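Pasting start07.cif here (mmCIF, C-alpha atoms):
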```cif
data_work
#
loop_
_atom_site.label_atom_id
_atom_site.label_comp_id
_atom_site.auth_asym_id
_atom_site.auth_seq_id
_atom_site.Cartn_x
_atom_site.Cartn_y
_atom_site.Cartn_z
CA MET A 1 6.55 6.27 -1.54
CA PHE A 2 4.60 3.02 -1.68
CA VAL A 3 4.71 1.07 1.60
CA GLY A 4 3.21 -2.37 1.83
CA ASP A 5 3.29 -6.13 2.04
CA SER A 6 2.97 -8.84 -0.61
CA MET A 7 0.04 -7.09 -2.26
CA THR A 8 2.26 -4.06 -2.90
CA ILE A 9 5.62 -5.58 -3.77
CA GLY A 10 3.96 -8.00 -6.20
CA SER A 11 5.32 -11.21 -7.64
CA THR A 12 7.16 -12.21 -10.82
CA GLY A 13 5.00 -11.40 -13.84
CA ASP A 14 2.75 -8.87 -12.09
CA PHE A 15 2.10 -5.33 -13.25
CA THR A 16 1.45 -4.31 -9.57
CA TRP A 17 -0.87 -1.57 -8.37
CA ARG A 18 2.24 0.60 -8.10
CA TYR A 19 2.52 0.43 -11.88
CA ARG A 20 -1.13 1.40 -12.23
CA MET A 21 -0.56 4.41 -9.95
CA TRP A 22 2.49 5.45 -11.98
CA GLN A 23 0.38 5.35 -15.14
CA HIS A 24 -2.36 7.36 -13.44
CA LEU A 25 -0.01 10.06 -12.17
CA ASN A 26 1.59 10.42 -15.59
CA ALA A 27 -1.86 10.95 -17.10
CA ALA A 28 -3.57 13.02 -14.41
CA TYR A 29 -0.94 14.91 -12.43
CA GLY A 30 0.33 18.09 -14.00
CA GLY A 31 3.35 18.74 -11.83
CA PRO A 32 6.68 17.00 -11.47
CA TYR A 33 6.90 14.13 -9.04
CA ARG A 34 9.25 11.33 -8.02
CA ILE A 35 8.53 7.82 -6.78
CA VAL A 36 11.07 7.02 -4.08
CA GLY A 37 12.14 4.12 -1.91
CA PRO A 38 15.01 1.74 -1.19
CA ARG A 39 13.67 -1.26 -3.13
CA HIS A 40 12.67 -1.82 -6.74
CA THR A 41 12.19 -5.56 -7.29
CA LEU A 42 9.35 -8.06 -7.16
CA HIS A 43 9.07 -11.20 -5.05
CA ASP A 44 10.40 -14.28 -6.82
CA PRO A 45 8.22 -17.20 -5.63
CA THR A 46 10.68 -19.78 -6.95
CA ALA A 47 13.60 -18.44 -4.96
CA GLY A 48 11.51 -17.08 -2.10
CA THR A 49 13.38 -13.78 -2.28
CA ALA A 50 12.72 -10.24 -3.51
CA THR A 51 15.04 -10.56 -6.49
CA SER A 52 12.81 -10.55 -9.55
CA SER A 53 12.83 -7.74 -12.11
CA ALA A 54 10.31 -9.48 -14.36
CA TYR A 55 7.48 -6.95 -14.31
CA ALA A 56 4.66 -7.64 -16.76
CA ASP A 57 5.61 -4.43 -18.57
CA PRO A 58 9.37 -4.41 -19.11
CA GLY A 59 9.04 -0.73 -20.04
CA PHE A 60 8.19 0.16 -16.42
CA PRO A 61 11.23 2.38 -15.71
CA ASP A 62 13.51 1.57 -12.80
CA GLU A 63 13.04 4.94 -11.13
CA ALA A 64 9.27 4.38 -11.05
CA ARG A 65 9.62 0.89 -9.55
CA ARG A 66 10.88 2.26 -6.22
CA HIS A 67 9.06 1.20 -3.06
CA LEU A 68 9.27 0.05 0.54
CA ALA A 69 7.32 -3.20 0.41
CA GLY A 70 8.08 -6.79 1.27
CA TRP A 71 6.53 -10.23 1.08
CA GLY A 72 5.58 -11.16 4.64
CA GLU A 73 6.22 -7.69 6.07
CA GLY A 74 3.69 -5.64 8.01
CA TRP A 75 3.31 -2.64 10.28
CA LEU A 76 5.50 -4.52 12.78
CA HIS A 77 8.38 -4.55 10.31
CA MET A 78 7.91 -1.16 8.68
CA ALA A 79 7.53 0.94 11.83
CA PRO A 80 11.25 0.62 12.77
CA LEU A 81 12.33 1.32 9.17
CA ILE A 82 10.14 4.19 8.08
CA GLY A 83 11.95 7.06 9.77
CA ASP A 84 15.33 6.36 8.22
CA VAL A 85 13.81 5.64 4.81
CA VAL A 86 11.72 8.83 4.77
CA ARG A 87 14.77 10.84 5.80
CA ARG A 88 17.10 9.24 3.28
CA TYR A 89 14.74 9.42 0.29
CA GLU A 90 13.01 12.68 1.26
CA ALA A 91 9.54 11.22 0.91
CA ASP A 92 6.68 13.64 1.49
CA THR A 93 3.68 11.37 0.74
CA LEU A 94 3.19 7.75 1.81
CA LEU A 95 0.68 5.35 0.27
CA VAL A 96 0.42 2.53 2.77
CA SER A 97 -1.27 -0.88 2.49
CA LEU A 98 -0.42 -3.04 5.51
CA GLY A 99 -2.09 -5.07 8.23
CA LEU A 100 -3.14 -8.42 6.79
CA ILE A 101 0.18 -10.11 7.44
CA ASP A 102 0.39 -8.64 10.96
CA LEU A 103 -2.99 -10.05 11.92
CA GLY A 104 -2.30 -13.34 10.21
CA PHE A 105 1.06 -14.09 11.82
CA TYR A 106 2.40 -11.53 14.26
CA THR A 107 0.08 -9.28 16.27
CA ASN A 108 -3.56 -8.90 17.25
CA ALA A 109 -5.69 -5.93 16.23
CA GLU A 110 -4.76 -3.77 19.20
CA GLN A 111 -1.03 -4.47 18.88
CA THR A 112 -1.17 -3.81 15.16
CA ALA A 113 -2.89 -0.47 15.77
CA GLU A 114 -0.12 0.49 18.19
CA ASN A 115 2.41 -0.21 15.44
CA VAL A 116 0.44 2.09 13.14
CA ARG A 117 0.86 4.88 15.68
CA ARG A 118 4.54 4.06 16.06
CA PHE A 119 4.95 4.15 12.27
CA VAL A 120 3.32 7.59 12.02
CA ALA A 121 5.43 8.97 14.85
CA GLN A 122 8.66 7.74 13.27
CA ALA A 123 7.72 9.11 9.84
CA ARG A 124 6.92 12.51 11.35
CA GLN A 125 10.13 12.58 13.29
CA ALA A 126 11.93 12.33 9.95
CA ALA A 127 9.59 14.69 8.06
CA PRO A 128 7.19 16.74 10.24
CA HIS A 129 4.97 17.70 7.29
CA ILE A 130 4.64 14.24 5.76
CA ARG A 131 1.21 13.15 4.63
CA ALA A 132 -0.12 9.62 4.19
CA VAL A 133 -3.02 7.61 2.81
CA LEU A 134 -3.68 4.40 4.76
CA MET A 135 -5.58 1.45 3.29
CA PRO A 136 -7.70 -0.71 5.61
CA VAL A 137 -7.37 -4.48 5.46
CA ILE A 138 -9.52 -5.42 2.49
CA PRO A 139 -11.64 -8.60 2.06
CA ASN A 140 -9.62 -11.77 1.61
CA VAL A 141 -10.19 -15.49 1.52
CA ARG A 142 -8.94 -16.20 5.03
CA ALA A 143 -11.19 -13.59 6.62
CA ALA A 144 -14.15 -15.13 4.81
CA ALA A 145 -13.32 -18.68 5.94
CA ASP A 146 -11.99 -18.02 9.47
CA ALA A 147 -14.50 -16.15 11.61
CA ALA A 148 -12.00 -15.30 14.35
CA PHE A 149 -9.55 -13.88 11.83
CA GLY A 150 -12.35 -11.95 10.13
CA THR A 151 -13.26 -10.43 13.50
CA GLN A 152 -9.65 -9.33 14.00
CA CYS A 153 -9.62 -7.69 10.56
CA THR A 154 -12.84 -5.82 11.33
CA ARG A 155 -11.54 -4.72 14.72
CA PHE A 156 -8.24 -3.54 13.28
CA ASN A 157 -10.01 -1.50 10.62
CA GLU A 158 -12.01 0.22 13.36
CA LEU A 159 -8.80 0.99 15.27
CA LEU A 160 -7.09 2.18 12.09
CA ALA A 161 -9.92 4.62 11.42
CA LYS A 162 -9.61 5.90 14.99
CA ALA A 163 -5.84 6.28 14.66
CA VAL A 164 -6.26 8.30 11.46
CA ALA A 165 -8.84 10.54 13.14
CA ASP A 166 -6.70 10.96 16.26
CA LEU A 167 -3.38 11.56 14.54
CA SER A 168 -4.21 13.60 11.45
CA THR A 169 -3.20 17.25 11.69
CA PRO A 170 -3.37 20.18 9.25
CA ALA A 171 0.43 20.14 9.03
CA SER A 172 0.69 16.37 8.55
CA PRO A 173 -2.63 15.05 7.22
CA LEU A 174 -3.60 11.40 7.22
CA LEU A 175 -6.33 9.91 5.05
CA LEU A 176 -8.14 6.60 5.39
CA ALA A 177 -8.63 5.19 1.91
CA SER A 178 -11.99 3.62 1.17
CA GLU A 179 -12.18 -0.10 0.57
CA PRO A 180 -12.68 -0.42 -3.20
CA ALA A 181 -16.44 -0.63 -3.73
CA ALA A 182 -16.13 -3.16 -6.54
CA TRP A 183 -13.77 -5.47 -4.66
CA GLU A 184 -14.94 -9.04 -5.17
CA THR A 185 -12.33 -11.55 -4.05
CA ASP A 186 -12.95 -13.91 -6.97
CA ARG A 187 -12.23 -11.18 -9.53
CA ALA A 188 -9.99 -8.76 -7.67
CA THR A 189 -7.46 -11.40 -6.60
CA TYR A 190 -5.84 -14.38 -8.26
CA ASP A 191 -5.57 -16.47 -5.09
CA GLY A 192 -8.00 -14.95 -2.61
CA THR A 193 -5.50 -12.35 -1.37
CA HIS A 194 -3.11 -10.95 -3.98
CA PRO A 195 -4.50 -8.55 -6.58
CA SER A 196 -5.27 -9.60 -10.12
CA GLU A 197 -5.08 -6.97 -12.86
CA CYS A 198 -8.60 -5.94 -11.85
CA GLY A 199 -7.53 -5.68 -8.22
CA GLU A 200 -4.44 -3.65 -9.13
CA HIS A 201 -6.68 -1.05 -10.75
CA LEU A 202 -9.05 -1.05 -7.77
CA LEU A 203 -6.26 -0.51 -5.25
CA ALA A 204 -4.58 2.21 -7.30
CA GLY A 205 -7.97 3.85 -7.79
CA ALA A 206 -8.72 3.91 -4.06
CA PHE A 207 -5.44 5.67 -3.33
CA ALA A 208 -5.71 8.02 -6.31
CA ASP A 209 -9.27 9.04 -5.52
CA ALA A 210 -8.41 9.72 -1.86
CA MET A 211 -5.55 12.01 -2.86
CA HIS A 212 -7.63 13.78 -5.49
CA GLN A 213 -10.65 14.33 -3.27
CA ALA A 214 -8.74 15.48 -0.18
CA TRP A 215 -5.66 17.17 -1.61
CA GLY A 216 -6.47 17.95 -5.23
CA VAL A 217 -3.68 15.67 -6.47
CA GLY A 218 -4.23 14.52 -10.05
CA GLY A 219 -7.76 13.60 -11.03
CA PRO A 220 -10.26 10.79 -10.51
CA TYR A 221 -8.82 7.40 -11.34
CA ALA A 222 -9.71 6.36 -14.87
CA ALA A 223 -9.18 2.63 -15.45
CA THR A 224 -10.61 1.10 -18.56
CA ALA A 225 -14.16 -0.17 -18.08
CA ALA A 226 -13.06 -3.68 -19.02
CA ALA A 227 -10.47 -3.71 -16.24
CA VAL A 228 -12.91 -3.30 -13.37
CA ALA A 229 -16.43 -3.96 -14.67
CA PRO A 230 -18.23 -6.97 -13.16
CA VAL A 231 -18.83 -9.95 -15.41
#
```
Take the structure from the file and write it as structure tokens.
Amino acid sequence: MFVGDSMTIGSTGDFTWRYRMWQHLNAAYGGPYRIVGPRHTLHDPTAGTATSSAYADPGFPDEARRHLAGWGEGWLHMAPLIGDVVRRYEADTLLVSLGLIDLGFYTNAEQTAENVRRFVAQARQAAPHIRAVLMPVIPNVRAAADAAFGTQCTRFNELLAKAVADLSTPASPLLLASEPAAWETDRATYDGTHPSECGEHLLAGAFADAMHQAWGVGGPYAATAAAVAPV
């Protein structure tokens, strides 16, 4: 199950990194799998609601569009939801990209880290053997321009790494995904925050490579060279 904020739900006309992960799993994972979650739409910027079905690839099947992501939602919002959603949809693996919106509007680094721990506890209450890959807050235009905000992002990423180390267990492993090495805000985003097609591949690749390296799921992520190569 994909869990995230605006970078994960995507906006009208996006492919989304969820789509890139679906393509990767179809190509690299030999076993059956299901993508689960209570939502399936994109954010519609005109209406300001999550009501768009206009994915860039209309052939992206509805069952693969499932997620738990929302524009303007963070760890603060997902922690109270995750237990019921995991239980209802029988999720066993979470790919989570959250934190930027929390730090930008709702909570400081320490408070956000506490919500990470709350999220993990609630997910485990619903599924004791659940596993998860957690993405740190990646470079963005506000962090580059606002030194205080950049400091909060750095501090949160430190606390997230500590939470992963503290909370991971053999029965319910947690992984900290690596920030995509080729992430350059000008190319990887279309507005300084939200992923471009290049950024979609980089995010999907970071999650895919973490799962492959730690758990043997699928194979290394194989985007086309043109999708991620610097220009």
Response to the item:
Pairwise distance, CA of Leu95 (chain A) with CA of Pro170 (chain A), equals 17.8 Å
At most 6 Å is the cut-off: for each residue in region 87-158 of chain A with any atom that close to an atom of region 67-78 of chain A, write down the nearest atom pair and the distance in Å rounded to one decimal, counting all atoms listed in the file, chain first then increasing number, as CSV.
```
residue,atom,partner,partner_atom,distance
A:Leu98,CA,A:Gly74,CA,5.5
A:Gly99,CA,A:Gly74,CA,5.8
A:Ile101,CA,A:Gly74,CA,5.7
A:Asp102,CA,A:Gly74,CA,5.3
A:Asn115,CA,A:Trp75,CA,5.8
```
Practice prompt. Give as a ChimeraX atom specification the residues that the PyMOL selection byres ((chain A and resi 36-50) around 12) matches when applied to the coordinates above.
Written response: /A:1-16,18-19,22,33-35,51-56,60-73,81-82,84-95
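Between CA of Ala163 (chain A) and CA of Val116 (chain A) there is a distance of 7.7 Å.
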Worksheet item: Looking at A:Ala223, A:Leu167, A:Ala210, A:Val141, which one is nearest to Gly192 (chain A), with distances taken over all atoms listed in the file?
Response: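 Looking only at the distances to Gly192 (chain A), the closest residue turns out to be A:Val141.
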Worksheet item: Smallest atom-to-atom distance to Ser178 (chain A): which of A:Asn157, A:Gln122, A:Asn140, A:Ser196, using all atoms listed in the file?
Response: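 Answer, going by the shortest atom-to-atom distance: A:Asn157.
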Practice prompt. Enumerate, as number ranges by chain, the protein, DNA and RNA residues whose atoms approach (-5.0, 6.5, -15.1) to within 10 Å, taking into account only C-alpha atoms and the coordinate frame of the file.
Written response: A: 20-29, 201, 204-205, 208, 218-224
Practice prompt. Convert the output of the PyMOL selection byres ((chain A and resi 131) around 8) on the shown file into explicit residues, formatted as a list of chain:residue names.
Written response: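 Output from the PyMOL selection byres ((chain A and resi 131) around 8), applied to this file: A:Asp92, A:Thr93, A:Leu94, A:His129, A:Ile130, A:Ala132, A:Val133, A:Ser172, A:Pro173, A:Leu174.
Taking CA of Pro136 (chain A) and CA of Ala214 (chain A) as the two end points, the separation is 17.2 Å.
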Item to complete: Any chance you could resolve the PyMOL selection byres ((chain A and resi 199) around 8) against this file and give the residues as a list in words?
Response: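 Written out, the selection comes to Trp17, Trp183, Arg187, Ala188, Thr189, Pro195, Ser196, Glu197, Cys198, Glu200, His201, Leu202, Leu203 and Val228 of chain A.
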Please save C-alpha atoms of the selected residues as a JSON list (two decimals), keeping the file's coordinate frame.
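selection.json, freshly written:
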```json
[["chain", "number", "residue", "atom", "x", "y", "z"],
["A", 17, "TRP", "CA", -0.87, -1.57, -8.37],
["A", 183, "TRP", "CA", -13.77, -5.47, -4.66],
["A", 187, "ARG", "CA", -12.23, -11.18, -9.53],
["A", 188, "ALA", "CA", -9.99, -8.76, -7.67],
["A", 189, "THR", "CA", -7.46, -11.40, -6.60],
["A", 195, "PRO", "CA", -4.50, -8.55, -6.58],
["A", 196, "SER", "CA", -5.27, -9.60, -10.12],
["A", 197, "GLU", "CA", -5.08, -6.97, -12.86],
["A", 198, "CYS", "CA", -8.60, -5.94, -11.85],
["A", 200, "GLU", "CA", -4.44, -3.65, -9.13],
["A", 201, "HIS", "CA", -6.68, -1.05, -10.75],
["A", 202, "LEU", "CA", -9.05, -1.05, -7.77],
["A", 203, "LEU", "CA", -6.26, -0.51, -5.25],
["A", 228, "VAL", "CA", -12.91, -3.30, -13.37]]
```
Worksheet item: Nearest to Ala148 (chain A): which of A:Arg117, A:Asp186, A:Asn108, A:Thr169 is it, counting all atoms listed in the file?
Response: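 For Ala148 (chain A), the nearest of the given residues is A:Asn108.
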Put a box with edges along x, y and z around all the listed atoms of region 171-179 of chain A, pad it by 4 Å on each side, then give me its centre and sizes in Å, one decimal, as lines of an AutoDock Vina configuration file.
```
center_x = -5.7
center_y = 10.0
center_z = 4.8
size_x = 20.9
size_y = 28.2
size_z = 16.5
```
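When only C-alpha atoms are used to measure the gap to Met211 (chain A), the shortest distance among A:Leu134, A:Thr154, A:Ala161, A:Ala181 belongs to A:Leu134.
Candidate residues A:Pro180, A:Val120, A:Gln125, A:Cys153 were compared for distance to Leu103 (chain A), and the nearest is A:Cys153, using all atoms listed in the file.
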Worksheet entry | Of the listed residues A:Phe207, A:Gln111, A:Ala144, A:Arg118, that which approaches Ala177 (chain A) most closely, counting only C-alpha atoms | A:Phe207
